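Working notes for the structure below.
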Amino acid sequence: MYEIEMLGLAAIILARSTSSVDEWENPRSSFELSTVNNALLESFTVHARALVGVFYPADDPINDDVLAADFLDDPTAWATGRPGLTPVLTEVRRRVGKEIAHLTYTRLEVTAETKQWRFLEIAFDLLKVVNVFVDLVPESRLVSSFRERLEGLVSRY
């Protein structure tokens, strides 16, 4: 639930942020705003990538990776019941690896136009997957407040 809430709330804050660094007259404030926005972006993207990995694991997951299928009585039910991996979520996996989590030369190729993240679209696509997951998982395998907290998060959109 922590991963889901951090992703969703960070997406809302980033999407609602209307302040531009250029609007700030104080250079220190400009630097601070930029730093906070970068930290929030990093948090959002790392949580998004983590959730994509849970719901759409790599072909060779590591033994201690948490996978959505682990929560089901029939693990194959997840592979057949989950929504398809959207282009936006496919892009998350690649971009977070190349632009956020690892120091790569690919970062040098990122332009101002391609640097933008579609926060709400990413969060929305993941929340759709989470809803399917919650419908398939036996109630006993979810923390008691999971559904309530998820509904509270979704209502903020």
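How things are named: the first chain in the structure tokens is A, the next is B, and so on; residues count from 1 in each chain; ligands count from 1 in the order shown.
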Which residues are near range 63-69 of chain A? Cut-off 9 Å, only C-alpha atoms, ignore same chain within fewer than 2 positions. Put them as an mmCIF file with C-alpha atoms, in the first residue's frame.
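around.cif, freshly written:
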data_model
loop_
_atom_site.group_PDB
_atom_site.id
_atom_site.type_symbol
_atom_site.label_atom_id
_atom_site.label_comp_id
_atom_site.auth_asym_id
_atom_site.auth_seq_id
_atom_site.Cartn_x
_atom_site.Cartn_y
_atom_site.Cartn_z
ATOM 1 C CA GLY A 53 7.917 -4.797 -11.623
ATOM 2 C CA VAL A 54 5.385 -6.279 -9.199
ATOM 3 C CA PHE A 55 2.589 -6.444 -11.763
ATOM 4 C CA TYR A 56 4.672 -7.123 -14.893
ATOM 5 C CA PRO A 57 7.850 -8.854 -13.702
ATOM 6 C CA PRO A 61 12.649 -12.280 -11.390
ATOM 7 C CA PHE A 71 -0.860 -13.237 -3.550
ATOM 8 C CA LEU A 72 -3.149 -15.505 -5.558
ATOM 9 C CA ASP A 73 -4.125 -19.127 -4.924
ATOM 10 C CA ASP A 74 -3.510 -19.779 -8.628
ATOM 11 C CA PRO A 75 -0.497 -17.693 -9.761
ATOM 12 C CA THR A 76 -1.408 -18.169 -13.416
ATOM 13 C CA ALA A 77 -4.650 -16.277 -12.764
ATOM 14 C CA TRP A 78 -2.661 -13.049 -12.622
ATOM 15 C CA ALA A 79 -0.974 -13.560 -15.986
ATOM 16 C CA PHE A 133 -5.256 -7.068 -8.583
ATOM 17 C CA VAL A 137 -6.642 -11.334 -4.395
#
For range 99-144 of chain A versus range 82-94 of chain A, which residues have an atom no more than 12 Å away, and what is each residue's nearest atom pair and distance in Å rounded to one decimal, using only C-alpha atoms, chain-then-number order, as a tab-separated table?
residue	atom	partner	partner_atom	distance
A:Glu99	CA	A:Arg94	CA	8.4
A:Ile100	CA	A:Arg94	CA	9.9
A:Ala101	CA	A:Arg94	CA	10.2
A:His102	CA	A:Arg94	CA	10.9
A:Thr104	CA	A:Arg94	CA	12.0
A:Thr106	CA	A:Arg94	CA	10.9
A:Arg107	CA	A:Arg94	CA	11.9
A:Thr114	CA	A:Glu91	CA	11.5
A:Gln116	CA	A:Val92	CA	11.8
A:Trp117	CA	A:Val92	CA	9.0
A:Arg118	CA	A:Val88	CA	8.3
A:Phe119	CA	A:Val88	CA	10.1
A:Leu120	CA	A:Val88	CA	10.8
A:Glu121	CA	A:Val88	CA	7.6
A:Ile122	CA	A:Val88	CA	6.3
A:Ala123	CA	A:Leu89	CA	9.3
A:Phe124	CA	A:Val88	CA	10.3
A:Asp125	CA	A:Leu89	CA	7.4
A:Leu126	CA	A:Leu89	CA	7.8
A:Leu127	CA	A:Pro83	CA	11.0
A:Lys128	CA	A:Pro83	CA	8.1
A:Val129	CA	A:Pro83	CA	6.3
A:Val130	CA	A:Arg82	CA	9.2
A:Asn131	CA	A:Arg82	CA	9.7
A:Val132	CA	A:Arg82	CA	6.4
A:Phe133	CA	A:Arg82	CA	7.2
A:Val134	CA	A:Arg82	CA	10.7
A:Asp135	CA	A:Arg82	CA	10.3
A:Leu136	CA	A:Arg82	CA	9.1
A:Val137	CA	A:Arg82	CA	11.7
Fill in: CA of Ser17 in chain A to CA of Glu3 in chain A, straight-line distance in Å
21.1 Å
Practice prompt. Considering only C-alpha atoms, return as a list in words whatever protein or nucleic-acid residues lie within 12 Å of Gly152 in chain A, sequence-local ones (same chain, fewer than 4 positions apart) excluded.
Written response: Met1, Ile4, Glu5, Gly8, Leu9, Ser145, Phe146, Arg147, Glu148, Arg156 and Tyr157 of chain A
For C-alpha atoms, I'd like the residues from the last selection saved as a tab-separated table (two decimals), in the first residue's frame.
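And here is the file that came out, result-v3.tsv:
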chain	number	residue	atom	x	y	z
A	1	MET	CA	0.00	0.00	0.00
A	4	ILE	CA	0.71	2.75	-4.24
A	5	GLU	CA	0.06	5.75	-1.98
A	8	GLY	CA	-0.50	8.33	-6.37
A	9	LEU	CA	0.14	11.26	-4.05
A	145	SER	CA	-7.39	-1.10	5.47
A	146	PHE	CA	-6.10	-1.75	1.93
A	147	ARG	CA	-9.38	-1.29	0.04
A	148	GLU	CA	-10.37	1.74	2.09
A	156	ARG	CA	-8.35	12.38	-4.99
A	157	TYR	CA	-8.17	12.04	-8.76
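One distance worth recording is that between CA of Val96 in chain A and CA of Ala48 in chain A, which is 8.7 Å.
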Worksheet entry | Distance in Å - CA of Val154 in chain A versus CA of Met6 in chain A | 12.5 Å
